[in-house]
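Text of the file coords16.cif, holding mmCIF, C-alpha atoms and all ligand atoms:
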data_structure
#
loop_
_atom_site.group_PDB
_atom_site.id
_atom_site.type_symbol
_atom_site.label_atom_id
_atom_site.label_comp_id
_atom_site.auth_asym_id
_atom_site.auth_seq_id
_atom_site.Cartn_x
_atom_site.Cartn_y
_atom_site.Cartn_z
ATOM 1 C CA MET A 40 112.962 67.583 119.935
ATOM 2 C CA ALA A 41 115.075 70.668 120.682
ATOM 3 C CA SER A 42 116.112 70.992 124.339
ATOM 4 C CA SER A 43 116.216 74.377 126.074
ATOM 5 C CA PRO A 44 119.617 76.031 125.959
ATOM 6 C CA ALA A 45 121.961 75.801 128.939
ATOM 7 C CA VAL A 46 122.523 79.002 130.917
ATOM 8 C CA PRO A 47 125.410 80.877 129.305
ATOM 9 C CA LYS A 48 128.197 81.963 131.700
ATOM 10 C CA HIS A 49 129.327 84.596 129.249
ATOM 11 C CA LEU A 50 128.269 85.724 125.782
ATOM 12 C CA ASN A 51 130.478 85.748 122.714
ATOM 13 C CA PHE A 52 129.015 88.507 120.545
ATOM 14 C CA ILE A 53 129.918 87.917 116.907
ATOM 15 C CA THR A 54 129.873 91.227 115.077
ATOM 16 C CA GLY A 55 132.138 93.312 112.905
ATOM 17 C CA ASN A 56 130.372 96.516 113.933
ATOM 18 C CA LYS A 57 132.313 98.409 116.635
ATOM 19 C CA ASN A 58 129.436 100.799 117.374
ATOM 20 C CA LYS A 59 127.005 97.945 118.006
ATOM 21 C CA LEU A 60 129.601 96.280 120.211
ATOM 22 C CA ALA A 61 130.125 99.450 122.275
ATOM 23 C CA GLU A 62 126.374 99.804 122.893
ATOM 24 C CA VAL A 63 125.950 96.135 123.809
ATOM 25 C CA GLN A 64 128.947 96.349 126.189
ATOM 26 C CA ALA A 65 127.440 99.425 127.845
ATOM 27 C CA ILE A 66 123.955 97.912 128.176
ATOM 28 C CA LEU A 67 125.137 94.514 129.458
ATOM 29 C CA ALA A 68 127.830 95.911 131.796
ATOM 30 C CA GLY A 69 127.476 94.220 135.180
ATOM 31 C CA VAL A 70 124.929 91.724 133.834
ATOM 32 C CA ILE A 71 127.057 89.168 131.989
ATOM 33 C CA GLU A 72 130.613 88.985 130.689
ATOM 34 C CA LEU A 73 130.866 89.770 126.999
ATOM 35 C CA THR A 74 133.559 88.746 124.545
ATOM 36 C CA ASN A 75 133.665 89.613 120.851
ATOM 37 C CA GLN A 76 134.812 87.990 117.646
ATOM 38 C CA ASN A 77 134.666 89.699 114.305
ATOM 39 C CA ILE A 78 133.655 87.098 111.760
ATOM 40 C CA ASP A 79 132.340 88.138 108.373
ATOM 41 C CA LEU A 80 129.090 86.147 108.197
ATOM 42 C CA VAL A 81 127.064 85.624 105.038
ATOM 43 C CA GLU A 82 123.636 87.240 105.515
ATOM 44 C CA ILE A 83 120.757 85.620 103.640
ATOM 45 C CA GLN A 84 117.676 87.377 102.273
ATOM 46 C CA GLY A 85 114.392 86.934 104.116
ATOM 47 C CA THR A 86 112.516 88.269 107.119
ATOM 48 C CA VAL A 87 114.619 89.657 109.942
ATOM 49 C CA GLU A 88 113.843 86.542 111.986
ATOM 50 C CA GLU A 89 115.097 84.306 109.160
ATOM 51 C CA VAL A 90 118.180 86.457 108.606
ATOM 52 C CA THR A 91 119.092 86.528 112.307
ATOM 53 C CA THR A 92 118.408 82.828 112.905
ATOM 54 C CA ASP A 93 120.594 81.894 109.950
ATOM 55 C CA LYS A 94 123.305 84.349 111.081
ATOM 56 C CA ALA A 95 123.360 82.694 114.537
ATOM 57 C CA ARG A 96 123.642 79.192 113.051
ATOM 58 C CA ARG A 97 126.504 80.270 110.776
ATOM 59 C CA ALA A 98 128.298 81.982 113.659
ATOM 60 C CA ALA A 99 127.912 78.910 115.927
ATOM 61 C CA ASP A 100 129.233 76.686 113.123
ATOM 62 C CA ALA A 101 132.152 79.052 112.499
ATOM 63 C CA ILE A 102 133.346 79.116 116.102
ATOM 64 C CA GLN A 103 131.995 75.653 117.064
ATOM 65 C CA GLY A 104 130.485 77.069 120.229
ATOM 66 C CA PRO A 105 127.881 79.362 121.791
ATOM 67 C CA VAL A 106 127.288 82.746 120.166
ATOM 68 C CA LEU A 107 125.249 85.912 120.332
ATOM 69 C CA VAL A 108 124.538 87.720 117.061
ATOM 70 C CA GLU A 109 122.343 90.654 116.164
ATOM 71 C CA ASP A 110 120.773 92.013 113.020
ATOM 72 C CA THR A 111 119.399 95.532 112.727
ATOM 73 C CA CYS A 112 116.666 96.722 110.379
ATOM 74 C CA LEU A 113 115.404 100.142 109.448
ATOM 75 C CA CYS A 114 111.872 99.793 108.077
ATOM 76 C CA PHE A 115 109.998 102.554 106.232
ATOM 77 C CA LYS A 116 106.218 102.386 106.561
ATOM 78 C CA ALA A 117 105.706 103.996 103.140
ATOM 79 C CA MET A 118 107.756 101.143 101.650
ATOM 80 C CA ASN A 119 105.957 98.346 103.495
ATOM 81 C CA ASP A 120 108.957 97.898 105.812
ATOM 82 C CA LEU A 121 111.728 97.927 103.226
ATOM 83 C CA PRO A 122 114.712 98.299 103.258
ATOM 84 C CA GLY A 123 114.490 96.411 106.597
ATOM 85 C CA PRO A 124 117.488 94.067 106.923
ATOM 86 C CA TYR A 125 118.998 95.509 103.721
ATOM 87 C CA ILE A 126 119.407 99.056 105.135
ATOM 88 C CA LYS A 127 123.189 98.577 105.368
ATOM 89 C CA TRP A 128 123.553 98.567 101.583
ATOM 90 C CA PHE A 129 121.328 101.626 101.071
ATOM 91 C CA LEU A 130 123.263 103.500 103.740
ATOM 92 C CA LEU A 131 126.593 102.501 102.217
ATOM 93 C CA SER A 132 125.606 103.733 98.790
ATOM 94 C CA LEU A 133 123.618 106.866 99.756
ATOM 95 C CA GLY A 134 125.395 107.939 102.945
ATOM 96 C CA PRO A 135 123.605 109.515 105.937
ATOM 97 C CA GLN A 136 123.347 112.888 104.139
ATOM 98 C CA ASN A 137 121.152 111.432 101.380
ATOM 99 C CA LEU A 138 119.278 108.640 103.138
ATOM 100 C CA HIS A 139 116.197 110.781 103.853
ATOM 101 C CA LYS A 140 115.716 111.226 100.082
ATOM 102 C CA MET A 141 114.505 107.639 99.884
ATOM 103 C CA LEU A 142 111.187 108.924 101.253
ATOM 104 C CA SER A 143 111.114 112.276 99.451
ATOM 105 C CA GLY A 144 108.246 111.102 97.231
ATOM 106 C CA PHE A 145 106.139 110.049 100.237
ATOM 107 C CA ASP A 146 104.237 112.053 102.856
ATOM 108 C CA ASP A 147 104.642 109.311 105.433
ATOM 109 C CA LYS A 148 108.160 109.515 106.897
ATOM 110 C CA SER A 149 107.548 106.998 109.686
ATOM 111 C CA ALA A 150 110.256 104.448 110.290
ATOM 112 C CA SER A 151 110.853 101.601 112.739
ATOM 113 C CA ALA A 152 114.259 100.641 114.051
ATOM 114 C CA VAL A 153 114.219 96.922 114.806
ATOM 115 C CA CYS A 154 116.954 94.988 116.543
ATOM 116 C CA THR A 155 116.928 91.205 116.733
ATOM 117 C CA PHE A 156 119.450 89.303 118.828
ATOM 118 C CA ALA A 157 119.883 85.558 118.553
ATOM 119 C CA TYR A 158 121.595 83.337 121.103
ATOM 120 C CA CYS A 159 122.696 79.948 119.812
ATOM 121 C CA GLU A 160 124.177 77.384 122.182
ATOM 122 C CA GLY A 161 126.258 75.757 119.459
ATOM 123 C CA PRO A 162 126.137 73.945 116.115
ATOM 124 C CA GLY A 163 122.834 72.107 115.589
ATOM 125 C CA HIS A 164 120.966 74.034 118.322
ATOM 126 C CA ASP A 165 117.936 76.241 117.713
ATOM 127 C CA PRO A 166 118.688 79.959 118.187
ATOM 128 C CA VAL A 167 116.543 81.931 120.675
ATOM 129 C CA LEU A 168 115.477 85.396 119.459
ATOM 130 C CA PHE A 169 115.029 88.686 121.357
ATOM 131 C CA GLN A 170 113.577 91.622 119.467
ATOM 132 C CA GLY A 171 113.204 95.313 120.253
ATOM 133 C CA ARG A 172 111.519 98.025 118.190
ATOM 134 C CA THR A 173 111.503 101.814 118.368
ATOM 135 C CA GLU A 174 109.114 103.893 116.275
ATOM 136 C CA GLY A 175 110.359 107.169 114.818
ATOM 137 C CA LYS A 176 110.802 108.931 111.525
ATOM 138 C CA LEU A 177 113.353 109.394 108.791
ATOM 139 C CA VAL A 178 114.715 112.948 108.731
ATOM 140 C CA GLU A 179 117.553 114.943 107.180
ATOM 141 C CA SER A 180 120.825 114.090 108.913
ATOM 142 C CA ARG A 181 121.343 115.921 112.240
ATOM 143 C CA GLY A 182 124.208 115.222 114.637
ATOM 144 C CA SER A 183 127.248 112.972 114.479
ATOM 145 C CA THR A 184 127.450 110.579 111.535
ATOM 146 C CA VAL A 185 129.783 108.176 113.343
ATOM 147 C CA PHE A 186 127.186 105.401 113.687
ATOM 148 C CA GLY A 187 125.177 104.271 110.658
ATOM 149 C CA TRP A 188 121.826 106.047 110.278
ATOM 150 C CA ASP A 189 121.733 107.426 113.872
ATOM 151 C CA SER A 190 121.709 110.976 112.476
ATOM 152 C CA CYS A 191 118.672 110.257 110.236
ATOM 153 C CA PHE A 192 116.375 108.520 112.746
ATOM 154 C CA GLU A 193 114.320 110.871 114.886
ATOM 155 C CA TYR A 194 112.566 109.779 118.058
ATOM 156 C CA GLU A 195 110.442 112.306 119.968
ATOM 157 C CA GLY A 196 112.139 115.333 118.409
ATOM 158 C CA LEU A 197 115.770 114.216 118.631
ATOM 159 C CA THR A 198 117.773 112.049 116.280
ATOM 160 C CA TYR A 199 119.596 109.146 117.901
ATOM 161 C CA ALA A 200 122.814 111.030 117.070
ATOM 162 C CA GLU A 201 121.626 114.090 119.037
ATOM 163 C CA MET A 202 120.993 112.042 122.198
ATOM 164 C CA GLU A 203 123.474 111.176 124.916
ATOM 165 C CA LYS A 204 124.503 107.531 124.469
ATOM 166 C CA ALA A 205 122.828 106.533 127.730
ATOM 167 C CA GLU A 206 119.580 108.199 126.597
ATOM 168 C CA LYS A 207 119.667 106.376 123.258
ATOM 169 C CA ASN A 208 120.294 103.041 125.004
ATOM 170 C CA LYS A 209 117.243 103.588 127.264
ATOM 171 C CA ILE A 210 114.781 103.967 124.390
ATOM 172 C CA SER A 211 116.544 102.286 121.480
ATOM 173 C CA HIS A 212 115.607 99.178 119.521
ATOM 174 C CA ARG A 213 118.847 97.622 120.847
ATOM 175 C CA GLY A 214 118.195 98.582 124.471
ATOM 176 C CA LYS A 215 114.687 97.063 124.296
ATOM 177 C CA ALA A 216 115.920 93.828 122.717
ATOM 178 C CA LEU A 217 118.626 93.514 125.373
ATOM 179 C CA GLU A 218 116.039 94.035 128.145
ATOM 180 C CA LYS A 219 114.358 90.875 126.822
ATOM 181 C CA LEU A 220 117.693 89.053 126.702
ATOM 182 C CA LYS A 221 118.372 90.101 130.317
ATOM 183 C CA GLY A 222 114.926 88.822 131.350
ATOM 184 C CA TRP A 223 115.629 85.492 129.663
ATOM 185 C CA LEU A 224 119.030 85.181 131.360
ATOM 186 C CA ALA A 225 117.404 85.887 134.723
ATOM 187 C CA GLU A 226 114.729 83.216 134.086
ATOM 188 C CA GLN A 227 117.335 80.614 133.129
ATOM 189 C CA VAL A 228 119.167 80.867 136.451
ATOM 190 C CA GLN A 229 116.007 80.444 138.582
HETATM 191 O O1 LIG B 1 122.496 104.554 113.137
HETATM 192 C C1 LIG B 1 122.472 103.388 113.474
HETATM 193 N N1 LIG B 1 122.073 103.089 114.735
HETATM 194 C C2 LIG B 1 122.000 101.837 115.199
HETATM 195 O O2 LIG B 1 121.649 101.623 116.361
HETATM 196 C C3 LIG B 1 122.354 100.819 114.287
HETATM 197 N N2 LIG B 1 122.443 99.497 114.382
HETATM 198 C C4 LIG B 1 122.865 99.047 113.201
HETATM 199 N N3 LIG B 1 123.052 100.054 112.344
HETATM 200 C C5 LIG B 1 123.450 99.983 110.938
HETATM 201 O O3 LIG B 1 122.427 99.283 110.223
HETATM 202 C C6 LIG B 1 122.998 98.282 109.387
HETATM 203 C C7 LIG B 1 122.643 96.949 110.000
HETATM 204 O O4 LIG B 1 123.282 95.885 109.368
HETATM 205 P P1 LIG B 1 123.768 94.633 110.199
HETATM 206 O O5 LIG B 1 122.826 94.368 111.321
HETATM 207 O O6 LIG B 1 124.061 93.534 109.278
HETATM 208 O O7 LIG B 1 125.120 95.188 110.890
HETATM 209 P P2 LIG B 1 126.657 95.083 110.474
HETATM 210 O O8 LIG B 1 126.825 94.340 109.189
HETATM 211 O O9 LIG B 1 127.227 96.443 110.546
HETATM 212 O O10 LIG B 1 127.297 94.241 111.657
HETATM 213 P P3 LIG B 1 127.213 92.643 111.934
HETATM 214 O O11 LIG B 1 126.272 92.044 110.942
HETATM 215 O O12 LIG B 1 128.622 92.135 111.813
HETATM 216 O O13 LIG B 1 126.724 92.524 113.352
HETATM 217 C C8 LIG B 1 124.499 98.596 109.380
HETATM 218 O O14 LIG B 1 124.761 99.537 108.371
HETATM 219 C C9 LIG B 1 124.722 99.209 110.744
HETATM 220 O O15 LIG B 1 125.838 100.094 110.797
HETATM 221 C C10 LIG B 1 122.751 101.169 112.991
HETATM 222 N N4 LIG B 1 122.808 102.440 112.584
HETATM 223 MG MG MG B 2 125.900 92.552 108.878
#
Written form, structure tokens:
Amino acid sequence: MASSPAVPKHLNFITGNKNKLAEVQAILAGVIELTNQNIDLVEIQGTVEEVTTDKARRAADAIQGPVLVEDTCLCFKAMNDLPGPYIKWFLLSLGPQNLHKMLSGFDDKSASAVCTFAYCEGPGHDPVLFQGRTEGKLVESRGSTVFGWDSCFEYEGLTYAEMEKAEKNKISHRGKALEKLKGWLAEQVQ
């Protein structure tokens, strides 16, 4: 039977995405020490839970120790939640200026941004998942295109790219997932 994970003293966030890292550093500042390693992990196909769980196991195997990983989805309601975990490849090929055209044949522009973190204590351990979701819609690009699809995801009238970073972190899929991670960390030390 799997035992519960030991309380981590710091988190080693395995990601190659500098923008994700900056947000996670900002949100977890003062909560727990964060280190980062950029390891190119194979990402399987499947549900976001399957993708993230597998990513955490691969990362723990690669560094032979405890890891935090994250996988982000952008899900279009009109497409029954696709592209989901495969958004990266659509964004890479279309670019933020053209992404909104994916829904041009649909009236329903609603989209969910979903962030799933997984903490894995080490090789052979079961990852623990923390998920956050923000509902919005896919729009024509507005604002800085520095981070992924931030300029195409509108929440309450503003795209993520039009918000101050701190405002985005308060309402974002990532901010919500990290609130759950913080709650879990607090429970572990009691
Ligand atoms: O506008 C954005 N606002 C965000 O808040 C956000 N979070 C992730 N992304 C993008 O969505 C894809 C996820 O793929 P992803 O989870 O596999 O990430 P990644 O491959 O870049 O890094 P990682 O897998 O090494 O952690 C990648 O294209 C990311 O750039 C975002 N775009
Ligand atoms: Mg990735």
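Atom pair atom CA of Leu177 of chain A / atom CA of Gly55 of chain A: separated by 25.1 Å.
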Taking only residues of chain A that have an atom at most 8 Å from an atom of ligand LIG 1 (chain B), what is each one's shortest atom pair and its distance in Å to one decimal, using only C-alpha atoms and all ligand atoms, in chain and number order, as a tab-separated table?
residue	atom	partner	partner_atom	distance
A:Ile53	CA	B:LIG1	O13	6.6
A:Thr54	CA	B:LIG1	O12	3.6
A:Gly55	CA	B:LIG1	O12	3.9
A:Asn56	CA	B:LIG1	O10	4.5
A:Asn58	CA	B:LIG1	O15	7.5
A:Lys59	CA	B:LIG1	N2	6.0
A:Asn77	CA	B:LIG1	O12	7.0
A:Ile78	CA	B:LIG1	O12	7.1
A:Asp79	CA	B:LIG1	O12	6.5
A:Leu80	CA	B:LIG1	O12	7.0
A:Glu82	CA	B:LIG1	O6	7.3
A:Val108	CA	B:LIG1	O13	6.5
A:Glu109	CA	B:LIG1	O13	5.5
A:Asp110	CA	B:LIG1	O5	3.6
A:Thr111	CA	B:LIG1	O5	3.9
A:Cys112	CA	B:LIG1	C7	6.0
A:Leu113	CA	B:LIG1	O3	7.1
A:Pro124	CA	B:LIG1	O4	6.5
A:Tyr125	CA	B:LIG1	O4	7.1
A:Ile126	CA	B:LIG1	C6	5.6
A:Lys127	CA	B:LIG1	O14	3.5
A:Trp128	CA	B:LIG1	O14	7.0
A:Leu130	CA	B:LIG1	O14	6.3
A:Leu131	CA	B:LIG1	O14	7.1
A:Ala152	CA	B:LIG1	O2	7.8
A:Cys154	CA	B:LIG1	N2	7.4
A:Thr184	CA	B:LIG1	O1	8.0
A:Phe186	CA	B:LIG1	O1	4.8
A:Gly187	CA	B:LIG1	N4	3.6
A:Trp188	CA	B:LIG1	O1	3.3
A:Asp189	CA	B:LIG1	O1	3.1
A:Ser190	CA	B:LIG1	O1	6.5
A:Cys191	CA	B:LIG1	O1	7.5
A:Phe192	CA	B:LIG1	O1	7.3
A:Tyr199	CA	B:LIG1	O1	7.2
A:Ala200	CA	B:LIG1	O1	7.6
A:Ser211	CA	B:LIG1	O2	7.3
A:His212	CA	B:LIG1	O2	7.2
A:Arg213	CA	B:LIG1	O2	6.6
From atom CA of Phe156 of chain A to atom CA of Ala216 of chain A the spacing works out at 6.9 Å
Let me know the centre plus edge lengths, in Å and rounded to one decimal, of a box with edges along x, y and z that contains all listed atoms of segment 121-125 of chain A and is padded by 4 Å on every side, as AutoDock Vina command-line options.
--center_x 115.4 --center_y 96.2 --center_z 105.1 --size_x 15.3 --size_y 12.2 --size_z 11.7
Result set, the PyMOL selection byres (((chain A and resi 97-102) around 7) and not hetatm) on current file, as an MDAnalysis selection string = chainID A and resid 53 80 93:96 103:106 159 161:162
Could you give me, as a VMD selection string, the residues within 9 Å of segment 140-145 of chain A, counting all atoms listed in the file and dropping anything in the same chain fewer than 2 positions from it?
-> chain A and resid 115 117 to 118 136 to 138 147 to 148 177 to 179
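Separating atom CA of Gln170 of chain A from atom CA of Leu107 of chain A is a distance of 13.0 Å.
With distances restricted to all atoms listed in the file, A:Thr91 is the closest residue to ligand MG 2 (chain B) from A:Leu133, A:Leu50, A:Thr91, A:Val63.
All residues that come within 6 Å of the coordinates (111.6, 98.3, 117.4), counting only C-alpha atoms, are given as A:Ser151, A:Ala152, A:Val153, A:Gly171, A:Arg172, A:Thr173, A:His212.
Of the residues listed (A:Thr74, A:Ser132, A:Gln64, A:Gln84), A:Gln84 shows the shortest atom-to-atom separation from ligand MG 2 (chain B); distances use all atoms listed in the file.
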Choose the residue, out of A:Val81, A:Met202, A:Ala150, A:Leu224, that has the smallest atom-to-atom separation from ligand MG 2 (chain B); count all atoms listed in the file.
-> A:Val81
Out of A:Asn75, A:Ser149, A:Gln227, A:Ser180, which residue has the shortest atom-to-atom distance to Thr198 of chain A when counting all atoms listed in the file?
-> A:Ser180
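Shortest separation to ligand MG 2 (chain B) among A:Val185, A:Ile83, A:Leu220, A:Val70 occurs at residue A:Ile83, atoms counted being only C-alpha atoms and all ligand atoms.
With distances restricted to only C-alpha atoms and all ligand atoms, A:Val90 is the closest residue to ligand MG 2 (chain B) from A:Val228, A:Val90, A:Leu73, A:Leu67.
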